[in-house]
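Colleague: Here you go, one structure.
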Amino acid sequence: MFGTNGVRGIINNDMTCDLALQMGKAIGTFFKGDVAVASDTRVSAPMLRSALYSGLMAVGCNIIDLGVIPTPAIQYYVKTHASVAGGVMITASHNPPEFNGIKCIDFDGTEMPREKEEVIEDFYSKSIECKEWNELGRISKYSNAGSDYVDAVLAKVDVDAIKAAKLTAVVDCANGAACSTAPLLMEKLGIRAITLNANEQGDFPGHPSEPTEENLKDLSCLVKSAGADFGVAHDGDADRAVFVTNTGAYVPGEKSLSLIAKTVISSLGGGKVVTPVSSSSMVEEVVKSVGGSLIYTAVGSPIVARRMIQENSPFGGEENGGLIFADHQYCRDGAMTIAKMAECIVRFGPLQDQIDQLPVYYVEKRKVTCPNNRKDDLINNIVEKYAEGNRIDRTDGLKILFDDGGWVLLRPSGTEPIFRIYSESKDKELSASRGIEFEQEVLSFLEGIGKA
Ligand code: MG
């Protein structure tokens with residue numbers, strides 16, 4: 001049931017109140033204690049919340065209702081309250097408004113590891129015993145989890161330096177959970193904030209909640225016309241933050257990841273940065289230039305976060321704007337990302353200038369339909385063909401690293417019958433031609449199967 005980001009589906013199709021009720025019982029049976037619950041602004045949140053509460057209380061769990069707050073804010077609450085056994089976030093992150101989901105948070109505030117989700121799934125599939133009338137759980141409300149989270153972020157950056165710089169920013173809350181925290185964060189950082197889509201509206205009238213370049217056109221225009229120092233947008237549950245420069249240009253995720261990695265590592269004088277194998281070599285080049293090193297993992301923020309813990313790494317993240325700061329908490333952290341970016345601008349100058357100074361890499365992305373049961377054979381076939389003379393990395397799918405610094409990554413999708421092909425190089429034509437070459441490799445392999 002659980003995918004990479006909890007259980008998700010379309011309301012009253014595969015995400016129903018019956019599911020939320022049984023899920024509440026299963027999660028409560030697993031946690032056996034007080035459970036914090038929060039949601040983003042989706043229209044369906046009250047329906048799922050009510051059903052989930054019934055389930056949790058029926059098995060004897062007390063609920064701490066945190067209201068509408070970002071995912072990293074409930075994660076911070078759970079992490080800092082030892083009496084709480086775990087948390088549940090009702091969100092479908094960046095998905096369209098007809099979706100919603102249930103995501104479990106472990107006792108330490110991290111995203112729940114797969115093994116524990118499997119235990120909950122196992123409870124879910126069984127008949128669950130409920131408590132007697134006098135052992136039912138109760139609900140209490142706590143309304144300061146959002147501001148507690150903002151205060152915790154402030155403690156991790158140089159607030160005085162940011163205040164002194166008198167920055168102006170445009171903040172696009174995407175009508176989501178960020179409405180409760182992002183304007184407050186700006187106020188406390190002394191940043192003049194011009195807000196956009198900053199009212200909680202779960203049908204997302206402003207724009208779809210995925211912070212893509214296409215969806216952030218209003219943000220770009222407003223940054224330019226206001227002469228702001230930067231623009232920032234969150235996704236629906238505000239664990240990710242995506243930026244626009246002072247000239248109104250969209251900042252691709254690998255660039256904000258690189259800049260913030262540089263800020264963190266240079267201020268520490270070194271350290272390990274953790275990122276998935278799909279990330280641009282730009283990150284590695286920038287991090288090495290300030291004395292740091294890179295550790296690559298499989299794709300997925302919980303995997304990045306767990307590896308950071310193991311490696312004692314101060315910073316990690318993915319190219320989708322989901323950045324993780326070890327000194328705050330081991331999860332994607334939207335508010336922390338804004339605060340660090342502000343610090344980065346104060347220390348190193350205008351955002352557009354910093355972007356212009358980054359090394360240039362070209363990425364080619366393709367996808368090919370491939371039956372799930374042929375994915376392993378396909379990879380083995382390509383390994384055989386390219387192993388000689390090239391470095392092969394099997395961390396996630398197959399990454400072939402060429403002597404010229406370029407690489408190709410073939411990644412089977414975990415959810416769809418497709419293969420994603422990424423090709424990156426400092427040479428634009430080489431990146432493009434390799435993308436085509438490997439697409440052809442995959443297609444001719446699949447054609448060969450068809451003939452056989
Ligand atoms: Mg999200």
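Here, A, B, ... name the chains of the structure tokens in the order displayed, residue numbers run from 1 inside each chain, and ligands are numbered from 1 in the same displayed order.
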For ligand 1, collect every residue having any atom at a distance of at most 9 Å from a ligand atom (counting only C-alpha atoms and all ligand atoms); output as a ChimeraX atom specification.
Modeller: /A:5,70-71,91-95,210,234-240,322,332,334
Colleague: Next, write the just-selected residues to a file, as a CSV table (one decimal), in the first residue's frame, keeping all heavy atoms as the atom set.
Modeller:
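Writing the result to part-v3.csv gives the following:
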```csv
chain,number,residue,atom,x,y,z
A,5,ASN,N,6.1,7.7,-0.9
A,5,ASN,CA,5.7,8.8,0.0
A,5,ASN,C,4.4,8.5,0.7
A,5,ASN,O,3.4,9.3,0.6
A,5,ASN,CB,5.5,10.1,-0.9
A,5,ASN,CG,6.9,10.7,-1.1
A,5,ASN,OD1,7.5,11.2,-0.1
A,5,ASN,ND2,7.3,10.8,-2.3
A,70,PRO,N,3.0,22.5,7.6
A,70,PRO,CA,3.9,21.7,6.7
A,70,PRO,C,4.3,20.4,7.2
A,70,PRO,O,4.4,20.2,8.4
A,70,PRO,CB,5.1,22.6,6.5
A,70,PRO,CG,4.6,24.0,6.8
A,70,PRO,CD,3.6,23.8,7.9
A,71,THR,N,4.6,19.4,6.3
A,71,THR,CA,5.1,18.1,6.7
A,71,THR,C,6.3,18.3,7.7
A,71,THR,O,6.4,17.6,8.7
A,71,THR,CB,5.4,17.3,5.5
A,71,THR,OG1,4.2,17.1,4.8
A,71,THR,CG2,6.0,15.9,5.9
A,91,THR,N,-1.6,14.2,3.5
A,91,THR,CA,-1.1,15.1,2.4
A,91,THR,C,-0.9,14.2,1.1
A,91,THR,O,-0.6,13.0,1.2
A,91,THR,CB,0.2,15.8,2.7
A,91,THR,OG1,0.6,16.6,1.6
A,91,THR,CG2,1.3,14.9,3.0
A,92,ALA,N,-1.0,14.9,0.0
A,92,ALA,CA,-0.5,14.2,-1.3
A,92,ALA,C,0.5,15.1,-1.9
A,92,ALA,O,0.7,15.1,-3.1
A,92,ALA,CB,-1.7,13.9,-2.2
A,93,SER,N,1.2,15.8,-1.1
A,93,SER,CA,2.4,16.7,-1.5
A,93,SER,C,2.1,17.5,-2.7
A,93,SER,O,1.3,18.5,-2.6
A,93,SER,CB,3.6,15.7,-1.8
A,93,SER,OG,4.7,16.5,-2.0
A,94,HIS,N,2.7,17.2,-3.8
A,94,HIS,CA,2.5,18.1,-5.0
A,94,HIS,C,1.4,17.6,-6.0
A,94,HIS,O,1.2,18.2,-7.0
A,94,HIS,CB,3.8,18.1,-5.8
A,94,HIS,CG,4.3,16.8,-6.2
A,94,HIS,ND1,5.0,15.9,-5.4
A,94,HIS,CD2,4.0,16.1,-7.4
A,94,HIS,CE1,5.2,14.8,-6.0
A,94,HIS,NE2,4.6,14.8,-7.2
A,95,ASN,N,0.7,16.5,-5.6
A,95,ASN,CA,-0.3,16.0,-6.6
A,95,ASN,C,-1.5,16.9,-6.7
A,95,ASN,O,-1.7,17.7,-5.9
A,95,ASN,CB,-0.7,14.6,-6.1
A,95,ASN,CG,0.3,13.5,-6.2
A,95,ASN,OD1,0.5,12.7,-5.4
A,95,ASN,ND2,1.0,13.5,-7.4
A,210,GLU,N,2.6,21.4,-7.9
A,210,GLU,CA,4.0,21.0,-8.2
A,210,GLU,C,4.8,22.3,-8.6
A,210,GLU,O,4.3,23.0,-9.6
A,210,GLU,CB,4.0,20.0,-9.3
A,210,GLU,CG,5.3,19.7,-9.9
A,210,GLU,CD,6.0,18.5,-9.3
A,210,GLU,OE1,5.6,17.4,-9.6
A,210,GLU,OE2,7.1,18.7,-8.6
A,234,HIS,N,6.6,26.8,-2.6
A,234,HIS,CA,6.6,25.5,-2.0
A,234,HIS,C,5.6,24.6,-2.7
A,234,HIS,O,4.8,25.1,-3.5
A,234,HIS,CB,6.0,25.7,-0.5
A,234,HIS,CG,7.0,26.3,0.4
A,234,HIS,ND1,8.2,25.7,0.8
A,234,HIS,CD2,7.0,27.5,1.0
A,234,HIS,CE1,8.8,26.4,1.7
A,234,HIS,NE2,8.1,27.6,1.8
A,235,ASP,N,5.7,23.3,-2.5
A,235,ASP,CA,4.7,22.4,-3.0
A,235,ASP,C,3.6,22.3,-1.9
A,235,ASP,O,3.6,23.1,-1.0
A,235,ASP,CB,5.3,21.0,-3.3
A,235,ASP,CG,5.9,20.3,-2.0
A,235,ASP,OD1,6.3,21.0,-1.1
A,235,ASP,OD2,5.9,19.1,-2.0
A,236,GLY,N,2.6,21.5,-2.1
A,236,GLY,CA,1.4,21.5,-1.2
A,236,GLY,C,1.7,21.3,0.2
A,236,GLY,O,1.0,21.9,1.1
A,237,ASP,N,2.7,20.5,0.6
A,237,ASP,CA,2.9,20.3,2.0
A,237,ASP,C,4.2,21.0,2.5
A,237,ASP,O,4.6,20.7,3.6
A,237,ASP,CB,2.9,18.8,2.3
A,237,ASP,CG,4.1,18.1,1.7
A,237,ASP,OD1,4.5,18.5,0.6
A,237,ASP,OD2,4.6,17.1,2.3
A,238,ALA,N,4.8,21.8,1.6
A,238,ALA,CA,5.9,22.7,2.0
A,238,ALA,C,7.1,22.0,2.6
A,238,ALA,O,7.8,22.5,3.4
A,238,ALA,CB,5.4,23.8,3.0
A,239,ASP,N,7.4,20.8,2.1
A,239,ASP,CA,8.7,20.2,2.4
A,239,ASP,C,9.7,20.5,1.4
A,239,ASP,O,10.9,20.4,1.6
A,239,ASP,CB,8.6,18.6,2.7
A,239,ASP,CG,8.0,17.9,1.5
A,239,ASP,OD1,7.5,18.5,0.5
A,239,ASP,OD2,8.1,16.7,1.5
A,240,ARG,N,9.3,21.0,0.2
A,240,ARG,CA,10.2,21.4,-0.8
A,240,ARG,C,10.1,22.9,-1.1
A,240,ARG,O,9.0,23.5,-0.9
A,240,ARG,CB,9.8,20.6,-2.1
A,240,ARG,CG,10.2,19.2,-2.1
A,240,ARG,CD,9.3,18.4,-3.1
A,240,ARG,NE,9.5,18.9,-4.4
A,240,ARG,CZ,8.7,18.6,-5.4
A,240,ARG,NH1,7.7,17.7,-5.2
A,240,ARG,NH2,8.8,19.1,-6.6
A,322,GLY,N,13.9,19.3,-2.5
A,322,GLY,CA,13.8,18.7,-1.2
A,322,GLY,C,15.2,18.6,-0.5
A,322,GLY,O,15.9,17.7,-0.8
A,332,ARG,N,13.2,16.4,4.5
A,332,ARG,CA,13.1,17.6,3.6
A,332,ARG,C,12.4,18.7,4.3
A,332,ARG,O,11.4,18.6,5.0
A,332,ARG,CB,12.2,17.2,2.4
A,332,ARG,CG,12.9,16.3,1.4
A,332,ARG,CD,12.0,16.0,0.3
A,332,ARG,NE,10.9,15.1,0.8
A,332,ARG,CZ,10.2,14.3,0.0
A,332,ARG,NH1,10.4,14.3,-1.3
A,332,ARG,NH2,9.2,13.6,0.5
A,334,GLY,N,11.3,22.6,4.0
A,334,GLY,CA,11.1,23.8,3.1
A,334,GLY,C,11.5,25.1,3.8
A,334,GLY,O,12.1,26.0,3.1
```
Colleague: Using backbone DSSP assignments, extract all strand (DSSP E or B) residues from stretch 165-285 of chain A; output them as a ChimeraX atom specification.
Modeller: /A:168-172,192-196,230-234,241-244,250,271-276
Colleague: Quick one: contact table of stretch 129-247 of chain A to stretch 339-357 of chain A, 12 Å max, nearest atom pair and distance in Å to one decimal per residue, counting only C-alpha atoms, chain and number order, as CSV?
Modeller:
```
residue,atom,partner,partner_atom,distance
A:Val150,CA,A:Ala339,CA,9.8
A:Asp151,CA,A:Ala339,CA,11.3
A:Ala152,CA,A:Ala339,CA,11.2
A:Val153,CA,A:Ala339,CA,7.4
A:Leu154,CA,A:Ala339,CA,7.6
A:Ala155,CA,A:Ala339,CA,10.3
A:Lys156,CA,A:Ala339,CA,8.7
A:Val157,CA,A:Lys340,CA,6.8
A:Asp158,CA,A:Glu343,CA,7.0
A:Val159,CA,A:Glu343,CA,8.4
A:Asp160,CA,A:Glu343,CA,10.2
A:Ala161,CA,A:Val346,CA,7.2
A:Ile162,CA,A:Glu343,CA,6.2
A:Lys163,CA,A:Val346,CA,9.6
A:Ala164,CA,A:Val346,CA,9.1
A:Ala165,CA,A:Val346,CA,6.6
A:Lys166,CA,A:Val346,CA,9.6
A:Leu167,CA,A:Ala342,CA,8.2
A:Thr168,CA,A:Ala342,CA,10.0
A:Ala169,CA,A:Ala342,CA,9.4
A:Ala182,CA,A:Ala339,CA,10.1
A:Leu184,CA,A:Ala339,CA,11.8
A:Leu185,CA,A:Ala339,CA,8.1
A:Met186,CA,A:Ala339,CA,8.5
A:Glu187,CA,A:Ala339,CA,11.5
A:Lys188,CA,A:Ala339,CA,10.3
A:Leu189,CA,A:Ala339,CA,7.8
A:Gly190,CA,A:Ala342,CA,10.7
A:Ile191,CA,A:Ala342,CA,8.9
A:Arg192,CA,A:Ala342,CA,12.0
A:Gly227,CA,A:Pro350,CA,11.9
A:Ala228,CA,A:Pro350,CA,10.5
A:Asp229,CA,A:Pro350,CA,7.1
A:Phe230,CA,A:Leu351,CA,7.1
A:Gly231,CA,A:Leu351,CA,10.1
A:Val232,CA,A:Met341,CA,9.7
A:Ala241,CA,A:Met341,CA,9.9
A:Val242,CA,A:Met341,CA,10.3
A:Phe243,CA,A:Met341,CA,8.9
A:Val244,CA,A:Leu351,CA,8.5
A:Thr245,CA,A:Gln352,CA,5.3
A:Asn246,CA,A:Gln352,CA,6.1
A:Thr247,CA,A:Gln352,CA,6.7
```
Colleague: Suppose we keep C-alpha atoms; can you now write the selection as an mmCIF file, in the first residue's frame?
Modeller:
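In the end it all went to part19.cif:
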```
data_model
loop_
_atom_site.group_PDB
_atom_site.id
_atom_site.type_symbol
_atom_site.label_atom_id
_atom_site.label_comp_id
_atom_site.auth_asym_id
_atom_site.auth_seq_id
_atom_site.Cartn_x
_atom_site.Cartn_y
_atom_site.Cartn_z
ATOM 1 C CA VAL A 150 9.775 28.463 12.377
ATOM 2 C CA ASP A 151 11.552 29.408 15.618
ATOM 3 C CA ALA A 152 13.671 26.255 15.397
ATOM 4 C CA VAL A 153 14.691 27.178 11.844
ATOM 5 C CA LEU A 154 15.673 30.694 12.970
ATOM 6 C CA ALA A 155 18.026 29.202 15.547
ATOM 7 C CA LYS A 156 20.004 27.529 12.730
ATOM 8 C CA VAL A 157 20.810 30.582 10.580
ATOM 9 C CA ASP A 158 22.460 33.971 11.043
ATOM 10 C CA VAL A 159 19.266 35.968 11.611
ATOM 11 C CA ASP A 160 21.106 39.232 12.361
ATOM 12 C CA ALA A 161 23.017 39.133 9.077
ATOM 13 C CA ILE A 162 19.839 38.349 7.125
ATOM 14 C CA LYS A 163 17.914 41.134 8.874
ATOM 15 C CA ALA A 164 20.713 43.632 8.193
ATOM 16 C CA ALA A 165 20.581 42.860 4.460
ATOM 17 C CA LYS A 166 16.946 44.047 4.240
ATOM 18 C CA LEU A 167 15.995 41.591 1.522
ATOM 19 C CA THR A 168 12.713 41.563 -0.383
ATOM 20 C CA ALA A 169 11.226 38.243 -1.488
ATOM 21 C CA ALA A 182 6.272 30.877 5.168
ATOM 22 C CA LEU A 184 5.825 34.139 9.415
ATOM 23 C CA LEU A 185 9.342 32.921 8.638
ATOM 24 C CA MET A 186 9.907 35.921 6.358
ATOM 25 C CA GLU A 187 8.687 38.319 9.020
ATOM 26 C CA LYS A 188 11.015 36.854 11.630
ATOM 27 C CA LEU A 189 13.980 36.971 9.221
ATOM 28 C CA GLY A 190 13.302 40.665 8.579
ATOM 29 C CA ILE A 191 12.620 39.956 4.919
ATOM 30 C CA ARG A 192 9.968 42.098 3.259
ATOM 31 C CA GLY A 227 12.622 44.149 -7.956
ATOM 32 C CA ALA A 228 12.804 41.427 -5.301
ATOM 33 C CA ASP A 229 16.023 39.676 -4.280
ATOM 34 C CA PHE A 230 14.482 36.259 -4.836
ATOM 35 C CA GLY A 231 11.254 34.355 -5.201
ATOM 36 C CA VAL A 232 10.381 31.060 -3.583
ATOM 37 C CA ALA A 241 11.239 24.895 -1.840
ATOM 38 C CA VAL A 242 12.008 26.037 -5.383
ATOM 39 C CA PHE A 243 13.536 29.422 -6.249
ATOM 40 C CA VAL A 244 13.411 32.241 -8.777
ATOM 41 C CA THR A 245 16.385 34.615 -9.103
ATOM 42 C CA ASN A 246 16.361 38.403 -8.782
ATOM 43 C CA THR A 247 15.976 38.610 -12.585
#
```
Colleague: With a distance cut-off of 9 Å and only C-alpha atoms, select the neighbouring residues of A:Lys126, excluding the residue or stretch itself and same-chain residues fewer than 4 positions from it, and output the selection as a PyMOL selection string.
Modeller: chain A and resi 26+121-122
Colleague: I need the chosen residues saved as a CSV table (one decimal), in the first residue's frame, with C-alpha atoms.
Modeller:
```csv
chain,number,residue,atom,x,y,z
A,26,ALA,CA,-3.5,-0.1,12.0
A,121,GLU,CA,0.3,-3.0,6.2
A,122,ASP,CA,0.1,-6.3,7.9
```
Colleague: Which residue, A:Thr212, A:Ile400, A:Val368, A:Leu294, has the smallest gap to A:Asn320 when you use only C-alpha atoms?
Modeller: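 Nearest to A:Asn320: A:Thr212.
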Colleague: Measuring atom to atom with only C-alpha atoms, identify which of A:Thr181, A:Thr80, A:Ser278, A:Asn373 is nearest to A:Tyr422.
Modeller: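 Looking only at the distances to A:Tyr422, the closest residue turns out to be A:Ser278.
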Colleague: Closest to A:Ile260 among A:Val170, A:Met336, A:Met112, A:Ile309, using only C-alpha atoms?
Modeller: A:Met336
Colleague: Would you kindly return, as a ChimeraX atom specification, each protein, DNA or RNA residue with an atom no farther than 8 Å from any atom of A:Lys365, considering only C-alpha atoms and excluding same-chain residues fewer than 3 positions away?
Modeller: /A:420-423,435
Colleague: For the residues selected in the previous step, produce a file with N, CA, C and O atoms as a PDB file, in the first residue's frame.
Modeller:
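Now in selection-v2.pdb:
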```pdb
ATOM      1  N   ARG A 420      13.599   5.175 -17.234  1.00  0.00           N
ATOM      2  CA  ARG A 420      14.030   6.549 -17.438  1.00  0.00           C
ATOM      3  C   ARG A 420      15.503   6.539 -17.826  1.00  0.00           C
ATOM      4  O   ARG A 420      16.298   5.790 -17.247  1.00  0.00           O
ATOM      5  N   ILE A 421      15.816   7.362 -18.804  1.00  0.00           N
ATOM      6  CA  ILE A 421      17.196   7.449 -19.278  1.00  0.00           C
ATOM      7  C   ILE A 421      17.672   8.885 -19.079  1.00  0.00           C
ATOM      8  O   ILE A 421      17.054   9.824 -19.561  1.00  0.00           O
ATOM      9  N   TYR A 422      18.741   9.039 -18.291  1.00  0.00           N
ATOM     10  CA  TYR A 422      19.326  10.363 -18.082  1.00  0.00           C
ATOM     11  C   TYR A 422      20.724  10.330 -18.696  1.00  0.00           C
ATOM     12  O   TYR A 422      21.457   9.370 -18.488  1.00  0.00           O
ATOM     13  N   SER A 423      21.065  11.378 -19.416  1.00  0.00           N
ATOM     14  CA  SER A 423      22.421  11.491 -19.931  1.00  0.00           C
ATOM     15  C   SER A 423      22.930  12.876 -19.568  1.00  0.00           C
ATOM     16  O   SER A 423      22.248  13.868 -19.805  1.00  0.00           O
ATOM     17  N   GLY A 435      22.060  10.241 -25.014  1.00  0.00           N
ATOM     18  CA  GLY A 435      20.655  10.008 -24.667  1.00  0.00           C
ATOM     19  C   GLY A 435      19.976   9.188 -25.754  1.00  0.00           C
ATOM     20  O   GLY A 435      19.285   8.206 -25.484  1.00  0.00           O
TER      21      GLY A 435
END
```
Colleague: So how far away is atom CA of A:Phe2 from atom CA of A:Val274, in Å?
Modeller: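 Going from atom CA of A:Val274 over to atom CA of A:Phe2, I get 24.1 Å.
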Colleague: Compile the contact shell of A:Ile11 as a short mmCIF file (atom, residue, chain, number, x, y, z; two decimals) with C-alpha atoms, in the first residue's frame: residues with an atom at most 9 Å away, counting only C-alpha atoms, same-chain residues fewer than 6 positions apart removed.
Modeller:
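Generated file (out-v3.cif):
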```
data_model
loop_
_atom_site.label_atom_id
_atom_site.label_comp_id
_atom_site.auth_asym_id
_atom_site.auth_seq_id
_atom_site.Cartn_x
_atom_site.Cartn_y
_atom_site.Cartn_z
CA CYS A 17 -12.79 7.19 4.46
CA SER A 44 -10.63 16.19 1.50
CA GLU A 98 -8.33 15.30 -6.17
CA PHE A 99 -5.52 13.27 -4.56
CA ASN A 100 -4.77 12.83 -0.91
CA GLY A 101 -2.63 10.53 1.15
#
```
Colleague: Report, in Å with one decimal, the straight-line distance from atom CA of A:Cys179 to atom CA of A:Thr110.
Modeller: 22.8 Å
